[in-house]
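Enquirer: Coordinates in start15.txt, compact mmCIF, C-alpha atoms, are listed below.
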# COMPACT_ATOMS: atom_id res chain seq x y z
CA MET A 19 -178.22 -1.46 2.49
CA GLU A 20 -180.42 -1.35 -0.59
CA VAL A 21 -178.81 -1.91 -3.99
CA GLN A 22 -179.12 1.13 -6.26
CA VAL A 23 -178.75 1.10 -10.02
CA ALA A 24 -176.20 3.67 -11.14
CA PRO A 25 -177.49 6.28 -13.57
CA LEU A 26 -176.86 5.98 -17.28
CA ARG A 27 -174.06 8.44 -18.06
CA ALA A 28 -174.37 10.68 -21.11
CA TRP A 29 -172.88 9.05 -24.20
CA ASP A 30 -170.75 12.14 -24.87
CA ASP A 31 -169.26 11.60 -21.38
CA PHE A 32 -168.79 7.88 -22.09
CA PHE A 33 -167.13 8.59 -25.46
CA PRO A 34 -166.02 12.24 -25.08
CA GLY A 35 -163.27 12.31 -27.66
CA SER A 36 -159.64 11.30 -27.80
CA ASP A 37 -158.53 13.97 -25.30
CA ARG A 38 -160.16 12.05 -22.39
CA PHE A 39 -158.52 8.74 -23.26
CA ALA A 40 -154.93 7.81 -22.50
CA ARG A 41 -152.83 4.68 -22.35
CA PRO A 42 -152.48 3.50 -18.74
CA ASP A 43 -149.12 3.40 -17.00
CA PHE A 44 -148.30 -0.30 -17.24
CA LYS A 45 -145.46 0.12 -14.75
CA ASP A 46 -147.85 1.21 -11.97
CA ILE A 47 -150.32 -1.65 -11.77
CA SER A 48 -152.12 -0.30 -8.69
CA LYS A 49 -152.85 3.02 -10.42
CA TRP A 50 -154.08 1.19 -13.52
CA ASN A 51 -156.23 -1.09 -11.34
CA ASN A 52 -157.65 1.97 -9.56
CA ARG A 53 -158.57 3.55 -12.91
CA VAL A 54 -160.28 0.37 -14.10
CA VAL A 55 -162.24 -0.10 -10.86
CA SER A 56 -163.27 3.56 -10.81
CA ASN A 57 -164.48 3.49 -14.40
CA LEU A 58 -166.28 0.16 -13.91
CA LEU A 59 -168.20 1.68 -11.00
CA TYR A 60 -168.90 5.02 -12.65
CA TYR A 61 -169.94 3.78 -16.12
CA GLN A 62 -171.48 0.49 -15.02
CA THR A 63 -174.90 1.17 -16.55
CA ASN A 64 -173.31 2.22 -19.85
CA TYR A 65 -171.25 -0.98 -19.83
CA LEU A 66 -174.41 -2.95 -19.12
CA MET A 67 -176.11 -1.35 -22.13
CA VAL A 68 -173.17 -2.14 -24.45
CA ALA A 69 -172.96 -5.72 -23.13
CA ALA A 70 -176.74 -6.16 -23.47
CA ALA A 71 -176.56 -5.03 -27.10
CA VAL A 72 -173.78 -7.51 -27.94
CA VAL A 73 -175.41 -10.33 -25.97
CA SER A 74 -178.77 -9.62 -27.63
CA ILE A 75 -177.30 -9.79 -31.12
CA VAL A 76 -175.42 -13.03 -30.41
CA GLY A 77 -178.40 -14.42 -28.45
CA PHE A 78 -180.70 -13.68 -31.39
CA LEU A 79 -178.36 -15.52 -33.75
CA SER A 80 -177.79 -18.51 -31.46
CA PRO A 81 -180.13 -18.46 -28.42
CA LEU A 82 -179.53 -21.95 -27.00
CA ASN A 83 -175.76 -21.72 -27.19
CA MET A 84 -175.85 -18.24 -25.64
CA LEU A 85 -177.97 -19.53 -22.76
CA ILE A 86 -175.61 -22.44 -22.18
CA GLY A 87 -172.56 -20.15 -22.40
CA GLY A 88 -174.01 -17.59 -19.99
CA THR A 89 -174.98 -20.29 -17.51
CA VAL A 90 -171.51 -21.85 -17.61
CA VAL A 91 -169.78 -18.49 -17.05
CA VAL A 92 -172.05 -17.60 -14.10
CA LEU A 93 -171.57 -21.02 -12.50
CA VAL A 94 -167.79 -20.92 -12.98
CA PHE A 95 -167.64 -17.36 -11.54
CA MET A 96 -169.68 -18.38 -8.50
CA GLY A 97 -167.52 -21.48 -8.04
CA PHE A 98 -164.28 -19.49 -8.20
CA VAL A 99 -165.58 -16.87 -5.75
CA TRP A 100 -166.75 -19.57 -3.33
CA VAL A 101 -163.46 -21.49 -3.52
CA SER A 102 -161.42 -18.29 -3.13
CA HIS A 103 -163.31 -17.40 0.04
CA ASN A 104 -162.54 -20.82 1.49
CA LYS A 105 -158.91 -21.22 0.39
CA ASP A 106 -156.34 -18.66 1.54
CA ILE A 107 -153.94 -19.19 -1.35
CA LEU A 108 -156.65 -18.45 -3.91
CA ARG A 109 -157.88 -15.50 -1.86
CA ARG A 110 -154.39 -13.97 -1.95
CA LEU A 111 -154.11 -14.67 -5.70
CA LYS A 112 -157.47 -12.99 -6.30
CA LYS A 113 -156.50 -9.95 -4.26
CA GLN A 114 -152.98 -9.53 -5.69
CA TYR A 115 -153.73 -10.45 -9.31
CA PRO A 116 -157.38 -9.72 -10.07
CA THR A 117 -156.83 -9.83 -13.83
CA THR A 118 -155.31 -13.29 -13.52
CA PHE A 119 -158.32 -14.38 -11.51
CA VAL A 120 -160.76 -13.13 -14.17
CA VAL A 121 -158.66 -14.71 -16.95
CA ALA A 122 -158.74 -18.03 -15.06
CA ILE A 123 -162.55 -17.79 -14.87
CA MET A 124 -162.76 -17.03 -18.58
CA LEU A 125 -160.37 -19.84 -19.57
CA SER A 126 -162.23 -22.35 -17.39
CA SER A 127 -165.49 -21.22 -18.95
CA TYR A 128 -163.95 -21.48 -22.42
CA PHE A 129 -162.86 -25.08 -21.88
CA LEU A 130 -166.22 -26.08 -20.43
CA ILE A 131 -168.09 -24.43 -23.31
CA SER A 132 -165.76 -26.00 -25.89
CA TYR A 133 -166.60 -29.34 -24.30
CA LEU A 134 -170.32 -28.56 -24.52
CA GLY A 135 -170.37 -27.04 -27.98
CA ASP A 136 -170.13 -23.68 -29.68
CA VAL A 137 -167.00 -21.72 -28.76
CA MET A 138 -167.77 -18.81 -31.09
CA VAL A 139 -170.83 -17.92 -29.02
CA PHE A 140 -168.55 -17.70 -26.00
CA MET A 141 -166.02 -15.57 -27.86
CA PHE A 142 -168.50 -13.04 -29.25
CA GLY A 143 -171.35 -13.18 -26.78
CA ILE A 144 -169.50 -13.27 -23.47
CA THR A 145 -165.84 -12.42 -23.94
CA LEU A 146 -166.28 -9.50 -26.38
CA PRO A 147 -168.45 -7.41 -24.01
CA LEU A 148 -166.01 -8.05 -21.14
CA LEU A 149 -163.08 -7.11 -23.36
CA LEU A 150 -164.81 -3.90 -24.50
CA MET A 151 -165.51 -2.96 -20.87
CA PHE A 152 -161.93 -3.63 -19.79
CA VAL A 153 -160.41 -1.69 -22.70
CA HIS A 154 -162.68 1.32 -22.13
CA ALA A 155 -162.14 1.24 -18.35
CA SER A 156 -158.37 1.04 -18.88
CA LEU A 157 -158.16 3.90 -21.38
CA ARG A 158 -160.81 6.35 -20.10
CA LEU A 159 -159.37 9.03 -17.85
CA ARG A 160 -161.36 9.77 -14.70
CA ASN A 161 -162.98 13.10 -13.92
CA ILE A 162 -163.91 14.74 -10.60
CA LYS A 163 -167.49 13.45 -10.66
CA ASN A 164 -166.22 9.94 -11.31
CA LYS A 165 -163.87 10.11 -8.30
CA LEU A 166 -166.60 11.48 -6.01
CA GLU A 167 -169.09 8.76 -6.98
CA ASN A 168 -166.45 6.09 -6.36
CA LYS A 169 -165.64 7.44 -2.89
CA MET A 170 -169.34 7.30 -2.00
CA GLU A 171 -169.46 3.67 -3.18
CA GLY A 172 -166.20 2.85 -1.39
CA ILE A 173 -167.27 4.09 2.04
CA GLY A 174 -170.63 2.38 1.79
CA LEU A 175 -172.94 5.33 1.17
CA LYS A 176 -174.12 3.64 -2.04
CA LYS A 177 -174.30 0.00 -3.11
CA THR A 178 -174.50 -0.83 -6.81
CA PRO A 179 -174.46 -4.10 -8.79
CA MET A 180 -170.90 -3.50 -10.05
CA GLY A 181 -169.83 -2.72 -6.48
CA ILE A 182 -171.15 -6.12 -5.40
CA ILE A 183 -169.22 -7.86 -8.18
CA LEU A 184 -166.03 -5.94 -7.34
CA ASP A 185 -166.50 -6.80 -3.66
CA ALA A 186 -166.72 -10.47 -4.65
CA LEU A 187 -163.42 -10.01 -6.51
CA GLU A 188 -162.09 -8.11 -3.45
CA GLN A 189 -161.22 -5.00 -5.44
CA GLN A 190 -162.76 -2.37 -3.18
CA GLU A 191 -161.28 -3.23 0.21
CA ASP A 192 -158.09 -1.28 -0.45
CA SER A 193 -159.92 1.96 -1.18
CA ILE A 194 -162.03 1.55 1.97
CA ASN A 195 -158.91 0.88 4.06
CA LYS A 196 -157.13 3.90 2.56
CA LEU A 197 -160.13 6.11 3.29
CA ALA A 198 -160.38 4.82 6.87
CA ASP A 199 -156.66 5.49 7.38
CA TYR A 200 -157.09 9.00 5.98
CA ILE A 201 -160.06 9.73 8.26
CA SER A 202 -158.18 8.48 11.32
CA LYS A 203 -155.20 10.71 10.43
CA VAL A 204 -157.49 13.72 10.04
CA LYS A 205 -159.03 13.05 13.48
CA GLU A 206 -155.57 13.05 15.08
Here is the file; what I need is its structure written in the form of structure tokens.
Expert:
Amino acid sequence: MEVQVAPLRAWDDFFPGSDRFARPDFKDISKWNNRVVSNLLYYQTNYLMVAAAVVSIVGFLSPLNMLIGGTVVVLVFMGFVWVSHNKDILRRLKKQYPTTFVVAIMLSSYFLISYLGDVMVFMFGITLPLLLMFVHASLRLRNIKNKLENKMEGIGLKKTPMGIILDALEQQEDSINKLADYISKVKE
């Protein structure tokens, strides 16, 4: 299936006002995770634009360190994904605690970058965009269009860059399994 770039959502939809933001229910981790995954898929192009702006500013101020930092994070991410696909214990950790898995990637990257040089580039150029994405995805309430787009992504009608990343983190399998279970119940 061909990878499609998700459309850029209107900025007044991305930042609609305080009435469309709410604190997640920290007691129901699966619901919170579902909100984050849904928002990451729906607003992925907006998140890319915000991240590109932050990375561009930091990259302009310190281009070599930003290049080194970005390379380290990508290599560490690919290494963690590869190892987790080959080791069952890490695969279960990644599936049950995705935030822990991402934090482990970021901490490993941090230590490697601190060994290589400028930690502040890592903090502002790489971690800040990820933190902004996570905070927005956690607080932004979903709407009907958001839910519909995510179902299309989940059942494989669309394939987007964020969907590929979430698949690598094994965060979409549950929604596909739930949908398949629902369809089989409807058929009966």
Enquirer: With distances taken over all atoms listed in the file, which of A:Thr89, A:Ser80, A:Ser156, A:Asn64 is nearest to Ser127 in chain A?
Expert: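 Using all atoms listed in the file, Ser127 in chain A sits closest to A:Thr89.
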Enquirer: Quote the spacing between CA of Gln62 in chain A and CA of Met151 in chain A in Å to one decimal place.
Expert: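 One can read the CA of Gln62 in chain A to CA of Met151 in chain A distance as 9.0 Å.
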Enquirer: Go through A:Trp100, A:Asp31, A:Ile183, A:Leu159 one by one, measure the shortest atom-to-atom distance of each to Asp43 in chain A using all atoms listed in the file, and give the residue with the smallest value.
Expert: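 The answer is A:Leu159, which sits nearest to Asp43 in chain A.
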Enquirer: I'd like the contact shell of Ala40 in chain A - 12 Å cut-off, all atoms listed in the file, skipping same-chain residues fewer than 5 positions apart - returned as a ChimeraX atom specification.
Expert: /A:35,50,53,153-160
Enquirer: What is the distance between CA of Val68 in chain A and CA of Asn161 in chain A, in Å to one decimal?
Expert: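 For CA of Val68 in chain A relative to CA of Asn161 in chain A, the distance reads 21.1 Å.
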Enquirer: CA of Asn51 in chain A and CA of Lys165 in chain A are how many Å apart?
Expert: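 Answer for the CA of Asn51 in chain A to CA of Lys165 in chain A separation: 13.9 Å.
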Enquirer: Just the residues within 12 Å of Met96 in chain A, please, counting all atoms listed in the file, with nothing from its chain fewer than 2 positions along; format it as a PyMOL selection string.
Expert: chain A and resi 89-94+98-103+120+123+127+183+186-187
Enquirer: Please determine, counting all atoms listed in the file, which residue among A:Thr178, A:Leu130, A:Ala69, A:Asn164 has the shortest atom-to-atom distance to Leu146 in chain A.
Expert: A:Ala69
Enquirer: I want to know what sits within 10 Å of Tyr128 in chain A, based on all atoms listed in the file, with residues of the same chain fewer than 5 positions away left out; could you give that as a VMD selection string?
Expert: chain A and resid 87 90 to 91 122 to 123 133 to 134 136 to 138 140 to 141 144 to 145
Enquirer: May I ask which of the residues A:Pro116, A:Arg27, A:Leu111, A:Asp185 is the closest one to Leu66 in chain A, counting only C-alpha atoms?
Expert: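 Of the candidates, the smallest distance to Leu66 in chain A is held by A:Arg27.
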Enquirer: When distances are computed from all atoms listed in the file, which of A:Val139, A:Val121, A:Ile107, A:Val72 shows the smallest separation from Phe95 in chain A?
Expert: A:Val121
Enquirer: So, with all atoms listed in the file as the atoms that count, which of A:Leu184, A:Met67, A:Ser132, A:Lys112 lies closest to Trp29 in chain A?
Expert: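 For Trp29 in chain A, the nearest of the given residues is A:Met67.
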